[in-house]
file my_file01.txt (compact mmCIF, C-alpha atoms)
# COMPACT_ATOMS: atom_id res chain seq x y z
CA MET O 1 0.00 0.00 0.00
CA GLU O 2 1.01 3.61 -0.55
CA TYR O 3 0.37 6.16 2.20
CA SER O 4 0.22 9.95 2.17
CA HIS O 5 0.72 12.00 5.33
CA PHE O 6 -3.05 12.45 5.83
CA ASN O 7 -4.15 10.37 8.79
CA LYS O 8 -6.38 12.27 11.16
CA LEU O 9 -8.31 11.35 14.29
CA TYR O 10 -11.60 13.12 15.14
CA GLU O 11 -12.83 12.89 18.72
CA ALA O 12 -16.53 12.14 19.24
CA GLU O 13 -16.79 14.50 22.24
CA ASP O 14 -15.81 17.39 19.94
CA ALA O 15 -18.38 16.51 17.26
CA ILE O 16 -21.99 17.66 16.85
CA LEU O 17 -24.22 15.57 19.13
CA GLU O 18 -27.90 14.81 18.64
CA GLY O 19 -29.68 12.97 21.48
CA VAL O 20 -26.41 11.63 22.88
CA LYS O 21 -23.97 12.85 25.55
CA VAL O 22 -20.32 12.79 26.56
CA SER O 23 -19.24 10.39 29.30
CA LYS O 24 -16.04 9.30 31.06
CA ASP O 25 -17.46 6.39 33.06
CA ILE O 26 -15.79 3.61 31.03
CA LEU O 27 -12.00 3.71 31.06
CA GLY O 28 -9.77 3.23 28.04
CA PHE O 29 -11.11 6.06 25.88
CA ASN O 30 -8.95 8.44 23.89
CA GLY O 31 -9.02 12.19 24.45
CA ASN O 32 -11.44 13.78 26.93
CA GLY O 33 -14.27 11.26 26.84
CA TYR O 34 -16.56 9.29 24.57
CA VAL O 35 -20.14 9.62 23.36
CA THR O 36 -22.91 7.43 24.75
CA GLY O 37 -26.70 7.26 24.86
CA PHE O 38 -27.51 5.87 21.41
CA THR O 39 -30.93 4.63 22.53
CA LYS O 40 -33.18 5.93 19.76
CA PRO O 41 -32.88 5.29 15.99
CA ASP O 42 -32.29 8.99 15.19
CA ASN O 43 -29.57 9.59 17.81
CA ASN O 44 -26.37 10.57 16.05
CA VAL O 45 -22.96 12.17 16.14
CA VAL O 46 -21.67 14.25 13.22
CA PHE O 47 -17.97 14.76 12.51
CA ASN O 48 -16.79 17.68 10.37
CA VAL O 49 -13.92 16.36 8.29
CA ASN O 50 -11.67 18.42 6.03
CA VAL O 51 -9.66 16.52 3.41
CA PRO O 52 -7.10 17.71 0.84
CA SER O 53 -8.59 16.17 -2.31
CA ASN O 54 -11.49 14.29 -3.86
CA GLY O 55 -11.23 10.54 -3.62
CA LEU O 56 -11.60 7.29 -1.81
CA TYR O 57 -10.76 7.37 1.89
CA LEU O 58 -10.77 4.84 4.68
CA ILE O 59 -12.57 5.38 7.97
CA LYS O 60 -12.11 3.47 11.23
CA ILE O 61 -14.50 3.88 14.15
CA SER O 62 -13.33 3.38 17.72
CA TYR O 63 -16.24 1.98 19.71
CA GLU O 64 -17.17 -0.12 22.73
CA ILE O 65 -20.19 -2.30 23.46
CA PRO O 66 -21.13 -3.09 27.08
CA LYS O 67 -20.47 -6.66 28.20
CA GLU O 68 -23.11 -9.24 27.27
CA SER O 69 -25.01 -6.73 25.13
CA GLY O 70 -24.33 -8.62 21.90
CA PRO O 71 -23.40 -7.24 18.48
CA LYS O 72 -25.00 -4.02 17.23
CA ARG O 73 -25.33 -2.10 13.97
CA THR O 74 -24.81 1.52 13.00
CA LEU O 75 -25.43 3.53 9.84
CA LEU O 76 -22.76 5.61 8.15
CA ILE O 77 -24.06 8.77 6.45
CA VAL O 78 -21.54 10.73 4.37
CA ASN O 79 -22.49 14.24 3.23
CA GLY O 80 -26.16 13.43 3.71
CA THR O 81 -26.07 10.20 1.71
CA TYR O 82 -26.61 6.81 3.33
CA THR O 83 -23.39 4.97 2.56
CA GLN O 84 -23.50 1.70 4.43
CA SER O 85 -24.74 -0.29 7.38
CA LEU O 86 -21.90 -1.37 9.65
CA ARG O 87 -22.13 -4.37 11.97
CA LEU O 88 -20.33 -3.85 15.27
CA LYS O 89 -19.08 -6.94 17.07
CA GLU O 90 -19.43 -7.05 20.85
CA LEU O 91 -16.24 -5.61 22.39
CA ASN O 92 -15.64 -4.79 26.03
CA LYS O 93 -12.96 -2.19 25.38
CA PHE O 94 -12.58 0.63 22.90
CA THR O 95 -11.32 -0.83 19.63
CA GLU O 96 -11.14 0.39 16.03
CA THR O 97 -13.27 -1.27 13.38
CA ASN O 98 -11.77 -2.61 10.20
CA PRO O 99 -11.34 0.22 7.67
CA GLN O 100 -14.44 1.10 5.64
CA ARG O 101 -14.36 2.81 2.25
CA ILE O 102 -15.96 6.23 1.85
CA LEU O 103 -15.91 8.85 -0.92
CA LEU O 104 -15.04 12.36 0.22
CA LYS O 105 -14.80 15.67 -1.64
CA LYS O 106 -11.99 18.16 -1.32
CA GLY O 107 -12.56 20.46 1.63
CA LYS O 108 -15.39 20.16 4.16
CA ASN O 109 -17.36 16.93 4.62
CA ASN O 110 -19.66 15.69 7.33
CA ILE O 111 -19.73 12.08 8.48
CA MET O 112 -22.65 10.98 10.60
CA ILE O 113 -22.83 7.87 12.75
CA LEU O 114 -26.56 7.24 13.06
CA SER O 115 -27.78 5.05 15.91
CA ASP O 116 -29.86 2.43 14.06
CA TRP O 117 -29.55 -0.50 16.51
CA GLY O 118 -27.78 1.67 19.08
CA TYR O 119 -26.55 0.84 22.59
CA TYR O 120 -22.87 1.28 21.87
CA ASN O 121 -20.29 3.94 22.76
CA ILE O 122 -18.26 5.95 20.22
CA ASP O 123 -14.78 7.24 21.08
CA TYR O 124 -13.49 8.67 17.79
CA ILE O 125 -13.17 8.15 14.04
CA ARG O 126 -9.91 7.96 12.11
CA VAL O 127 -9.83 9.06 8.46
CA GLU O 128 -6.95 8.05 6.20
CA SER O 129 -6.25 9.08 2.62
CA GLY O 130 -3.67 8.40 -0.02
CA ILE O 131 -4.26 4.67 0.16
CA THR O 132 -4.20 2.55 -2.94
CA LEU O 133 -6.12 -0.58 -2.12
CA LYS O 134 -3.82 -3.52 -2.41
CA LYS O 135 -4.39 -5.86 -5.33
CA TYR O 136 -4.38 -9.32 -3.82
CA LYS O 137 -3.31 -12.39 -5.73
CA LEU O 138 -6.42 -14.53 -6.09
CA GLU O 139 -6.29 -18.29 -6.18
CA SER O 140 -6.25 -19.38 -9.81
CA LYS O 141 -6.52 -23.14 -9.36
CA LEU O 142 -9.95 -24.67 -9.07
CA VAL O 143 -10.67 -26.86 -6.05
CA ASN O 144 -11.21 -29.78 -8.43
CA PRO O 145 -7.81 -30.38 -10.08
CA GLU O 146 -9.50 -32.53 -12.75
CA ALA O 147 -11.64 -29.66 -14.04
CA THR O 148 -12.16 -29.57 -17.79
CA GLU O 149 -10.13 -27.17 -19.90
CA LYS O 150 -13.16 -25.06 -20.72
CA THR O 151 -14.02 -24.80 -17.04
CA LYS O 152 -10.46 -23.68 -16.33
CA ASP O 153 -10.74 -21.19 -19.20
CA LEU O 154 -13.86 -19.69 -17.61
CA MET O 155 -12.11 -19.35 -14.26
CA ARG O 156 -9.09 -17.71 -15.90
CA PHE O 157 -11.42 -15.27 -17.62
CA LEU O 158 -13.19 -14.39 -14.34
CA LEU O 159 -9.82 -13.74 -12.73
CA GLU O 160 -8.62 -11.67 -15.69
CA ILE O 161 -11.57 -9.25 -15.59
CA ASN O 162 -11.73 -8.96 -11.81
CA GLY O 163 -11.60 -5.29 -10.86
CA LYS O 164 -11.77 -4.23 -14.51
CA PHE O 165 -15.34 -5.24 -15.33
CA ILE O 166 -18.44 -6.81 -13.83
CA LEU O 167 -20.46 -9.44 -15.69
CA SER O 168 -24.14 -8.67 -16.15
CA GLY O 169 -26.47 -11.47 -15.17
CA GLN O 170 -30.15 -12.39 -15.15
CA GLN O 171 -32.04 -15.23 -13.53
CA GLU O 172 -34.28 -17.23 -15.90
CA TYR O 173 -33.56 -17.69 -19.59
CA SER O 174 -37.00 -16.44 -20.64
CA GLU O 175 -36.24 -13.02 -19.12
CA VAL O 176 -33.41 -12.45 -21.61
CA SER O 177 -35.86 -11.68 -24.41
CA TRP O 178 -37.65 -9.12 -22.21
CA LEU O 179 -34.35 -7.37 -21.52
CA TYR O 180 -33.45 -7.33 -25.19
CA GLU O 181 -36.87 -5.98 -26.12
CA LYS O 182 -36.60 -3.13 -23.63
CA ILE O 183 -32.93 -2.11 -23.78
CA LYS O 184 -31.48 -4.02 -26.76
CA LYS O 185 -28.94 -5.79 -24.56
CA LYS O 186 -28.54 -9.32 -23.23
CA PRO O 187 -26.74 -10.38 -20.05
CA ALA O 188 -23.44 -12.25 -20.05
CA VAL O 189 -24.63 -14.68 -17.38
CA VAL O 190 -27.98 -16.46 -17.08
CA GLY O 191 -29.14 -18.21 -13.94
CA PHE O 192 -30.87 -21.61 -14.07
CA ASP O 193 -32.29 -23.83 -11.34
CA PHE O 194 -32.22 -27.58 -10.72
CA MET O 195 -35.36 -27.32 -8.58
CA GLU O 196 -37.63 -29.28 -10.91
CA TYR O 197 -35.13 -32.13 -11.07
CA SER O 198 -35.52 -32.82 -7.35
CA PRO O 199 -37.03 -36.36 -7.25
CA SER O 200 -39.81 -35.40 -4.85
CA LYS O 201 -41.01 -32.86 -7.41
CA LYS O 202 -41.96 -35.65 -9.80
CA THR O 203 -45.03 -36.30 -7.68
CA TYR O 204 -46.39 -32.97 -8.82
CA GLY O 205 -45.70 -33.52 -12.51
CA SER O 206 -42.89 -30.99 -12.86
CA THR O 207 -41.40 -30.40 -16.29
CA TYR O 208 -37.68 -30.42 -16.87
CA ASP O 209 -36.07 -28.14 -19.45
CA GLN O 210 -33.47 -26.12 -17.55
CA THR O 211 -30.60 -28.28 -18.76
CA GLU O 212 -31.63 -27.87 -22.40
CA GLN O 213 -31.97 -24.11 -21.92
CA ALA O 214 -28.53 -23.91 -20.33
CA ILE O 215 -26.95 -25.79 -23.21
CA GLN O 216 -28.65 -23.43 -25.65
CA TRP O 217 -27.43 -20.38 -23.71
CA ASP O 218 -23.88 -21.72 -23.83
CA LYS O 219 -24.21 -22.12 -27.61
CA GLU O 220 -25.20 -18.46 -27.77
CA GLY O 221 -21.91 -17.61 -26.09
CA GLY O 222 -23.24 -16.93 -22.60
CA ILE O 223 -22.12 -18.10 -19.17
CA VAL O 224 -24.23 -20.55 -17.14
CA THR O 225 -24.89 -20.51 -13.40
CA PHE O 226 -27.13 -22.97 -11.55
CA SER O 227 -28.72 -22.82 -8.12
CA TRP O 228 -30.79 -25.66 -6.62
CA HIS O 229 -33.99 -24.99 -4.74
CA TRP O 230 -33.78 -28.53 -3.41
CA ASN O 231 -37.26 -29.88 -2.75
CA ALA O 232 -36.86 -31.93 0.44
CA PRO O 233 -36.47 -35.67 -0.24
CA LYS O 234 -39.61 -36.55 1.77
CA ASP O 235 -41.95 -35.39 4.55
CA LEU O 236 -43.45 -32.57 2.49
CA LEU O 237 -46.30 -30.72 4.15
CA GLY O 238 -47.89 -29.33 1.02
CA LYS O 239 -50.23 -26.86 2.70
CA VAL O 240 -49.81 -25.02 5.99
CA ASP O 241 -52.82 -23.09 7.28
CA GLY O 242 -54.45 -23.58 3.90
CA LYS O 243 -51.55 -21.99 2.02
CA TRP O 244 -49.31 -24.01 -0.30
CA VAL O 245 -45.69 -24.09 0.85
CA ASP O 246 -42.82 -25.17 -1.40
CA GLY O 247 -40.89 -28.20 -0.22
CA PHE O 248 -37.54 -26.42 -0.28
CA ARG O 249 -38.68 -24.12 2.52
CA THR O 250 -38.22 -25.02 6.18
CA GLU O 251 -41.92 -24.52 6.82
CA GLY O 252 -42.80 -26.81 3.93
CA THR O 253 -41.20 -30.01 5.28
CA THR O 254 -40.40 -31.91 8.46
CA PHE O 255 -37.35 -33.57 6.90
CA ASN O 256 -34.52 -33.51 9.45
CA ILE O 257 -31.12 -32.91 7.86
CA GLN O 258 -29.33 -33.46 11.16
CA TYR O 259 -30.83 -36.94 11.61
CA ALA O 260 -30.08 -37.93 8.03
CA LEU O 261 -26.41 -36.94 8.23
CA ASP O 262 -25.94 -38.49 11.67
CA ASN O 263 -27.32 -41.81 10.43
CA PRO O 264 -25.60 -42.74 7.14
CA SER O 265 -27.26 -46.18 7.13
CA SER O 266 -30.74 -44.63 7.35
CA ASN O 267 -33.20 -44.31 4.51
CA ASP O 268 -33.13 -40.53 4.96
CA TYR O 269 -29.40 -40.46 4.18
CA LYS O 270 -29.94 -42.67 1.15
CA LEU O 271 -32.57 -40.21 -0.04
CA LEU O 272 -30.02 -37.40 0.16
CA LEU O 273 -27.73 -39.40 -2.11
CA ARG O 274 -30.63 -40.21 -4.43
CA ASP O 275 -31.38 -36.52 -4.87
CA ILE O 276 -27.75 -35.54 -5.38
CA ASP O 277 -27.44 -38.32 -7.98
CA ALA O 278 -30.47 -36.91 -9.80
CA ILE O 279 -28.70 -33.56 -10.14
CA ALA O 280 -25.50 -35.35 -11.16
CA ILE O 281 -27.35 -36.75 -14.19
CA GLN O 282 -28.03 -33.19 -15.38
CA LEU O 283 -24.50 -32.04 -14.64
CA LYS O 284 -23.18 -34.96 -16.70
CA ARG O 285 -25.37 -33.86 -19.60
CA LEU O 286 -23.93 -30.37 -19.29
CA GLN O 287 -20.41 -31.80 -19.08
CA LYS O 288 -21.01 -33.88 -22.19
CA ALA O 289 -22.10 -30.69 -23.98
CA ASN O 290 -18.90 -29.01 -22.69
CA VAL O 291 -20.80 -26.42 -20.64
CA PRO O 292 -18.96 -25.04 -17.58
CA VAL O 293 -21.29 -24.39 -14.66
CA LEU O 294 -21.04 -21.88 -11.84
CA PHE O 295 -22.81 -24.15 -9.32
CA ARG O 296 -24.26 -22.67 -6.11
CA PRO O 297 -25.86 -25.40 -3.97
CA LEU O 298 -27.39 -24.78 -0.51
CA HIS O 299 -27.78 -21.06 -1.08
CA GLU O 300 -28.85 -18.74 1.76
CA ALA O 301 -28.36 -21.55 4.28
CA GLU O 302 -27.69 -19.22 7.18
CA GLY O 303 -31.11 -17.59 6.77
CA GLY O 304 -32.78 -20.74 8.09
CA TRP O 305 -35.73 -20.40 5.73
CA PHE O 306 -34.56 -23.38 3.65
CA TRP O 307 -34.47 -26.85 5.21
CA TRP O 308 -30.76 -27.33 4.53
CA GLY O 309 -30.00 -24.45 6.93
CA ALA O 310 -32.71 -25.13 9.50
CA LYS O 311 -30.46 -27.04 11.92
CA GLY O 312 -27.57 -24.57 11.92
CA PRO O 313 -24.16 -24.32 10.24
CA GLU O 314 -22.61 -27.72 10.96
CA PRO O 315 -25.21 -29.88 9.11
CA ALA O 316 -25.30 -27.37 6.23
CA LYS O 317 -21.53 -27.48 5.82
CA GLU O 318 -21.49 -31.26 6.07
CA LEU O 319 -24.19 -31.54 3.42
CA TYR O 320 -22.31 -29.16 1.11
CA ARG O 321 -19.16 -31.27 1.44
CA LEU O 322 -21.21 -34.39 0.75
CA ILE O 323 -22.57 -32.81 -2.45
CA TYR O 324 -19.06 -31.84 -3.50
CA ASP O 325 -17.63 -35.29 -2.80
CA ARG O 326 -20.49 -37.18 -4.42
CA ILE O 327 -20.44 -35.10 -7.59
CA THR O 328 -16.68 -34.68 -7.92
CA ASN O 329 -15.20 -37.93 -6.64
CA TYR O 330 -18.03 -40.43 -7.07
CA HIS O 331 -19.58 -39.18 -10.31
CA LYS O 332 -16.33 -37.72 -11.75
CA ILE O 333 -18.03 -34.53 -12.87
CA ASN O 334 -15.45 -31.90 -13.75
CA ASN O 335 -17.28 -28.98 -15.36
CA ILE O 336 -18.10 -27.12 -12.14
CA ILE O 337 -16.85 -23.94 -10.50
CA TRP O 338 -18.07 -24.24 -6.90
CA VAL O 339 -19.83 -21.20 -5.41
CA TRP O 340 -20.61 -20.81 -1.70
CA ASN O 341 -23.31 -18.38 -0.58
CA SER O 342 -22.63 -16.90 2.86
CA SER O 343 -20.26 -14.38 4.45
CA ALA O 344 -20.43 -15.87 7.97
CA LYS O 345 -17.30 -17.69 9.15
CA GLU O 346 -19.21 -20.32 11.10
CA TRP O 347 -21.07 -21.35 7.95
CA TYR O 348 -18.06 -21.59 5.62
CA PRO O 349 -17.39 -25.19 4.48
CA GLY O 350 -13.69 -24.55 3.81
CA ASN O 351 -11.31 -23.49 1.05
CA LYS O 352 -10.96 -27.08 -0.19
CA TYR O 353 -14.56 -27.04 -1.43
CA VAL O 354 -15.13 -23.47 -2.60
CA ASP O 355 -13.90 -21.56 -5.67
CA ILE O 356 -16.00 -18.40 -5.32
CA VAL O 357 -17.90 -16.86 -2.41
CA SER O 358 -21.11 -14.93 -2.93
CA TYR O 359 -23.94 -12.92 -1.42
CA ASP O 360 -27.65 -12.49 -2.24
CA SER O 361 -28.72 -8.84 -1.99
CA TYR O 362 -32.28 -7.53 -1.69
CA PRO O 363 -32.24 -3.94 -0.39
CA ASP O 364 -35.17 -1.58 -0.90
CA ALA O 365 -36.35 -0.87 -4.43
CA GLY O 366 -34.13 1.66 -6.17
CA ASP O 367 -31.24 1.27 -3.71
CA TYR O 368 -28.28 1.06 -6.07
CA ARG O 369 -25.47 1.35 -3.52
CA PRO O 370 -22.38 -0.86 -4.07
CA LEU O 371 -22.90 -3.05 -0.95
CA ILE O 372 -19.49 -2.23 0.46
CA GLU O 373 -20.05 -3.87 3.84
CA LYS O 374 -21.04 -7.27 2.42
CA TYR O 375 -18.23 -7.19 -0.08
CA GLY O 376 -15.85 -6.51 2.78
CA GLU O 377 -17.24 -9.39 4.83
CA LEU O 378 -16.75 -11.83 1.96
CA THR O 379 -13.22 -10.72 1.10
CA SER O 380 -12.34 -10.96 4.79
CA LEU O 381 -13.85 -14.44 4.99
CA VAL O 382 -11.47 -15.75 2.32
CA HIS O 383 -8.56 -13.43 3.18
CA ASN O 384 -8.81 -11.78 -0.24
CA LYS O 385 -7.85 -15.07 -1.93
CA LYS O 386 -11.04 -15.90 -3.83
CA LEU O 387 -13.42 -14.18 -6.20
CA VAL O 388 -16.56 -12.58 -4.79
CA ALA O 389 -19.90 -12.54 -6.64
CA LEU O 390 -23.33 -10.98 -6.23
CA SER O 391 -25.12 -14.25 -6.86
CA GLU O 392 -28.63 -12.79 -6.56
CA ASN O 393 -29.85 -9.23 -6.42
CA GLY O 394 -32.93 -7.12 -6.48
CA PRO O 395 -31.62 -3.63 -7.30
CA ILE O 396 -28.44 -3.69 -9.40
CA PRO O 397 -25.58 -1.69 -7.82
CA ASP O 398 -24.57 1.43 -9.72
CA PRO O 399 -21.52 0.44 -11.83
CA ASN O 400 -20.01 3.91 -11.40
CA LEU O 401 -20.10 3.53 -7.62
CA LEU O 402 -18.59 0.06 -7.90
CA LYS O 403 -15.63 1.57 -9.74
CA GLU O 404 -15.27 4.52 -7.40
CA TYR O 405 -15.40 2.38 -4.26
CA GLN O 406 -13.31 -0.40 -5.85
CA VAL O 407 -15.93 -3.00 -4.97
CA ASN O 408 -15.08 -5.82 -7.34
CA TRP O 409 -18.13 -8.06 -7.62
CA SER O 410 -17.41 -10.68 -10.28
CA TRP O 411 -20.99 -10.67 -11.56
CA PHE O 412 -24.48 -9.65 -10.57
CA LEU O 413 -27.59 -11.75 -11.19
CA THR O 414 -30.90 -9.92 -11.06
CA TRP O 415 -33.75 -12.11 -9.87
CA GLN O 416 -36.71 -12.69 -12.14
CA ASP O 417 -40.25 -11.33 -12.42
CA LYS O 418 -40.94 -8.19 -10.35
CA PHE O 419 -37.28 -7.63 -9.48
CA LEU O 420 -36.60 -7.08 -13.16
CA LYS O 421 -39.92 -5.78 -14.48
CA ASP O 422 -41.79 -3.78 -11.84
CA GLY O 423 -40.10 -0.50 -12.79
CA LYS O 424 -39.33 0.22 -9.12
CA THR O 425 -36.74 -2.31 -8.00
CA ASN O 426 -34.78 -1.46 -11.13
CA SER O 427 -36.14 1.40 -13.19
CA LEU O 428 -35.97 0.98 -16.96
CA GLU O 429 -33.60 3.95 -17.06
CA HIS O 430 -31.33 2.28 -14.51
CA LEU O 431 -31.35 -1.01 -16.44
CA SER O 432 -30.35 0.82 -19.59
CA ASP O 433 -27.63 2.77 -17.79
CA VAL O 434 -26.21 -0.42 -16.25
CA TYR O 435 -26.24 -2.47 -19.44
CA ASN O 436 -24.66 0.34 -21.46
CA ASN O 437 -21.96 1.14 -18.90
CA ASP O 438 -18.39 0.51 -20.07
CA TYR O 439 -17.68 -1.31 -16.80
CA VAL O 440 -20.40 -3.88 -17.47
CA ILE O 441 -19.86 -6.88 -19.76
CA THR O 442 -22.94 -7.90 -21.72
CA LEU O 443 -23.37 -10.80 -24.13
CA ASP O 444 -22.45 -8.73 -27.18
CA LYS O 445 -19.15 -7.75 -25.53
CA LEU O 446 -18.38 -11.39 -24.78
CA GLN O 447 -18.94 -12.21 -28.42
CA LYS O 448 -17.43 -9.08 -29.99
CA TYR O 449 -14.18 -9.17 -28.08
CA LYS O 450 -14.13 -12.96 -27.75
CA ILE O 451 -13.26 -12.53 -24.08
CA TYR O 452 -14.82 -15.87 -23.34
CA SER O 453 -15.40 -18.35 -26.14
CA SER O 454 -18.03 -21.09 -25.94
CA LYS O 455 -16.10 -23.21 -28.42

call {"tool": "encode", "arguments": {"input": "my_file01.txt", "output": "structure tokens"}}
result
Amino acid sequence: MEYSHFNKLYEAEDAILEGVKVSKDILGFNGNGYVTGFTKPDNNVVFNVNVPSNGLYLIKISYEIPKESGPKRTLLIVNGTYTQSLRLKELNKFTETNPQRILLKKGKNNIMILSDWGYYNIDYIRVESGITLKKYKLESKLVNPEATEKTKDLMRFLLEINGKFILSGQQEYSEVSWLYEKIKKKPAVVGFDFMEYSPSKKTYGSTYDQTEQAIQWDKEGGIVTFSWHWNAPKDLLGKVDGKWVDGFRTEGTTFNIQYALDNPSSNDYKLLLRDIDAIAIQLKRLQKANVPVLFRPLHEAEGGWFWWGAKGPEPAKELYRLIYDRITNYHKINNIIWVWNSSAKEWYPGNKYVDIVSYDSYPDAGDYRPLIEKYGELTSLVHNKKLVALSENGPIPDPNLLKEYQVNWSWFLTWQDKFLKDGKTNSLEHLSDVYNNDYVITLDKLQKYKIYSSK
């Protein structure tokens, strides 16, 4: 990293206080005290910061959280614009947060720490400039050393464009025509789903054409990603309180993942293997067609709303490893780049099983911020050694902000239906701006510049 001489500390007790007060009760603070009393959502402290030039700066917040109060959250408002939500871990002494990226203008700026969750104490902020964010060397080898050449080519391509471009993406092949009709552009990545191939879905007469669509998309020169809304192997409830509930949701099944994994001789465990083998059939078809797949099984596990995450992190991680082992070592399937979908350390299955980490983002409609805090969590999780992707999104982050904040998502993947078409989550003007931005790779750019060849 390169450093200038600008590195300034701003004491909270000297800032503008709203609904909070200065205290000296807790020892270990810097200066003449700290600010406490963040008990209401609009309580805040505002720092007046003067910087020598426009640009990207780093901010660290020195804070303390009373013992046994648990983690909290604060909002960072820079020059009147909501910049990010910052999670504060429980700490019993004043400690600086990891550096957060903020854009400041030359001269006077105001930085507000807005209570949000509250019940923490703020000592000071430190603002640093003149920092060129270090370019880390990302792991180039896939976790499966037997990966096909085309799969390796795709990974090399993703690494090559990292920080230079972001790939545009859209869930559901049928939505591509809508995009083209409205803005005359097609995404580089299309998301597909193995949901209908779950064996328990056959009972309901599901149709199966996602594999064929993915092969067609690859022929068109696009990149393929698959998730798997895994319909539970058995014990489906169907309706709860008169309302139909999908079998991939926790509330839609009584299937116990913990029991199945703890009892490998049980029928429940055999059903897990049966379902994984059903997906392996489709992956083999894709491999035969020479289609590399960005595969993201067990997505959003930590949310608990899907049965594979309902019993906590250990069963979810064990099941992910089982999927990896069964597909890679038992079925000898080698056309996969493995994508994990959580930023929490306790949920991470390990570097041996993951090529790319990812996050699913659904902020309020029209919120096009770059998601700095989640990007930071993911890069920290893998020590800046693996690619980071926005594997699902509602609003698409503003590409200009991504560049300015140096937030290097590998791709985004807008979810289908209302998230694409309601005119609010992503306005038509925003979609056009995104897809015509020089930072964004669309299908025509893939083909025109032959950045990634499907042959």

call {"tool": "axis_aligned_box", "arguments": {"input": "my_file01.txt", "around": "stretch 366-372 of chain O", "padding_each_side": "3 Å", "output": "JSON"}}
result
{"center_x": -26.8, "center_y": -0.7, "center_z": -2.9, "size_x": 20.6, "size_y": 10.7, "size_z": 12.6}

call {"tool": "residues_around", "arguments": {"input": "my_file01.txt", "residues": "O:Val127", "least_positions_apart": "6", "cutoff": "7 Å", "atoms": "all atoms listed in the file", "output": "ChimeraX atom specification"}}
result
/O:7-9,57-60

call {"tool": "residues_around", "arguments": {"input": "my_file01.txt", "residues": "O:Thr414", "least_positions_apart": "6", "cutoff": "7 Å", "atoms": "all atoms listed in the file", "output": "VMD selection string"}}
result
chain O and resid 169 to 171 392 to 394 396 420

call {"tool": "closest_residue", "arguments": {"input": "my_file01.txt", "among": "O:Asp209, O:Asp275, O:Glu146, O:Asp116", "to": "O:Asn335", "atoms": "all atoms listed in the file"}}
result
O:Glu146

call {"tool": "closest_atom_pairs", "arguments": {"input": "my_file01.txt", "of": "stretch 156-218 of chain O", "to": "stretch 298-308 of chain O", "cutoff": "12 Å", "atoms": "only C-alpha atoms", "output": "CSV"}}
result
residue,atom,partner,partner_atom,distance
O:Asp193,CA,O:His299,CA,11.5
O:Phe194,CA,O:Leu298,CA,11.6
O:Met195,CA,O:Leu298,CA,11.6

call {"tool": "closest_atom_pairs", "arguments": {"input": "my_file01.txt", "of": "stretch 154-227 of chain O", "to": "stretch 280-295 of chain O", "cutoff": "12 Å", "atoms": "only C-alpha atoms", "output": "tab-separated table"}}
result
residue	atom	partner	partner_atom	distance
O:Leu154	CA	O:Pro292	CA	7.4
O:Met155	CA	O:Pro292	CA	9.5
O:Leu158	CA	O:Leu294	CA	11.1
O:Val189	CA	O:Leu294	CA	9.8
O:Val190	CA	O:Leu294	CA	10.2
O:Gly191	CA	O:Leu294	CA	9.1
O:Phe192	CA	O:Phe295	CA	9.7
O:Asp193	CA	O:Phe295	CA	9.7
O:Phe194	CA	O:Gln282	CA	8.4
O:Met195	CA	O:Gln282	CA	11.6
O:Glu196	CA	O:Gln282	CA	11.3
O:Tyr197	CA	O:Gln282	CA	8.4
O:Ser198	CA	O:Gln282	CA	11.0
O:Pro199	CA	O:Ile281	CA	11.9
O:Tyr208	CA	O:Gln282	CA	10.1
O:Asp209	CA	O:Gln282	CA	10.3
O:Gln210	CA	O:Gln282	CA	9.2
O:Thr211	CA	O:Gln282	CA	6.5
O:Glu212	CA	O:Leu286	CA	8.7
O:Gln213	CA	O:Leu286	CA	10.5
O:Ala214	CA	O:Leu286	CA	8.0
O:Ile215	CA	O:Val291	CA	6.7
O:Gln216	CA	O:Val291	CA	9.8
O:Trp217	CA	O:Val291	CA	9.5
O:Asp218	CA	O:Val291	CA	6.5
O:Lys219	CA	O:Val291	CA	8.9
O:Glu220	CA	O:Val291	CA	11.6
O:Gly221	CA	O:Val291	CA	10.4
O:Gly222	CA	O:Val291	CA	10.0
O:Ile223	CA	O:Val293	CA	7.8
O:Val224	CA	O:Val293	CA	5.4
O:Thr225	CA	O:Leu294	CA	4.4
O:Phe226	CA	O:Phe295	CA	5.0
O:Ser227	CA	O:Phe295	CA	6.2

call {"tool": "residues_near_point", "arguments": {"input": "my_file01.txt", "point": "(-32.9, -7.6, -1.7)", "cutoff": "12 Å", "atoms": "all atoms listed in the file", "output": "VMD selection string"}}
result
chain O and resid 359 to 369 371 390 to 397 413 to 415 418 to 419 425 to 426

call {"tool": "residues_around", "arguments": {"input": "my_file01.txt", "residues": "stretch 147-149 of chain O", "least_positions_apart": "2", "cutoff": "8 Å", "atoms": "all atoms listed in the file", "output": "list in words"}}
result
Leu142, Asn144, Pro145, Thr151, Lys152, Asp153, Asn334, Asn335 and Ile336 of chain O

call {"tool": "atom_distance", "arguments": {"input": "my_file01.txt", "atom1": "atom CA of O:Asn50", "atom2": "atom CA of O:Glu11"}}
result
13.9 Å

call {"tool": "atom_distance", "arguments": {"input": "my_file01.txt", "atom1": "atom CA of O:Asn44", "atom2": "atom CA of O:Arg101"}}
result
19.9 Å

call {"tool": "residues_around", "arguments": {"input": "my_file01.txt", "residues": "O:Val143", "least_positions_apart": "5", "cutoff": "12 Å", "atoms": "all atoms listed in the file", "output": "VMD selection string"}}
result
chain O and resid 151 to 152 155 324 to 325 328 to 329 334 to 339 350 to 356 386

call {"tool": "residues_around", "arguments": {"input": "my_file01.txt", "residues": "O:Lys184", "least_positions_apart": "5", "cutoff": "12 Å", "atoms": "all atoms listed in the file", "output": "ChimeraX atom specification"}}
result
/O:176-179,428,431-433,435-436,442-444
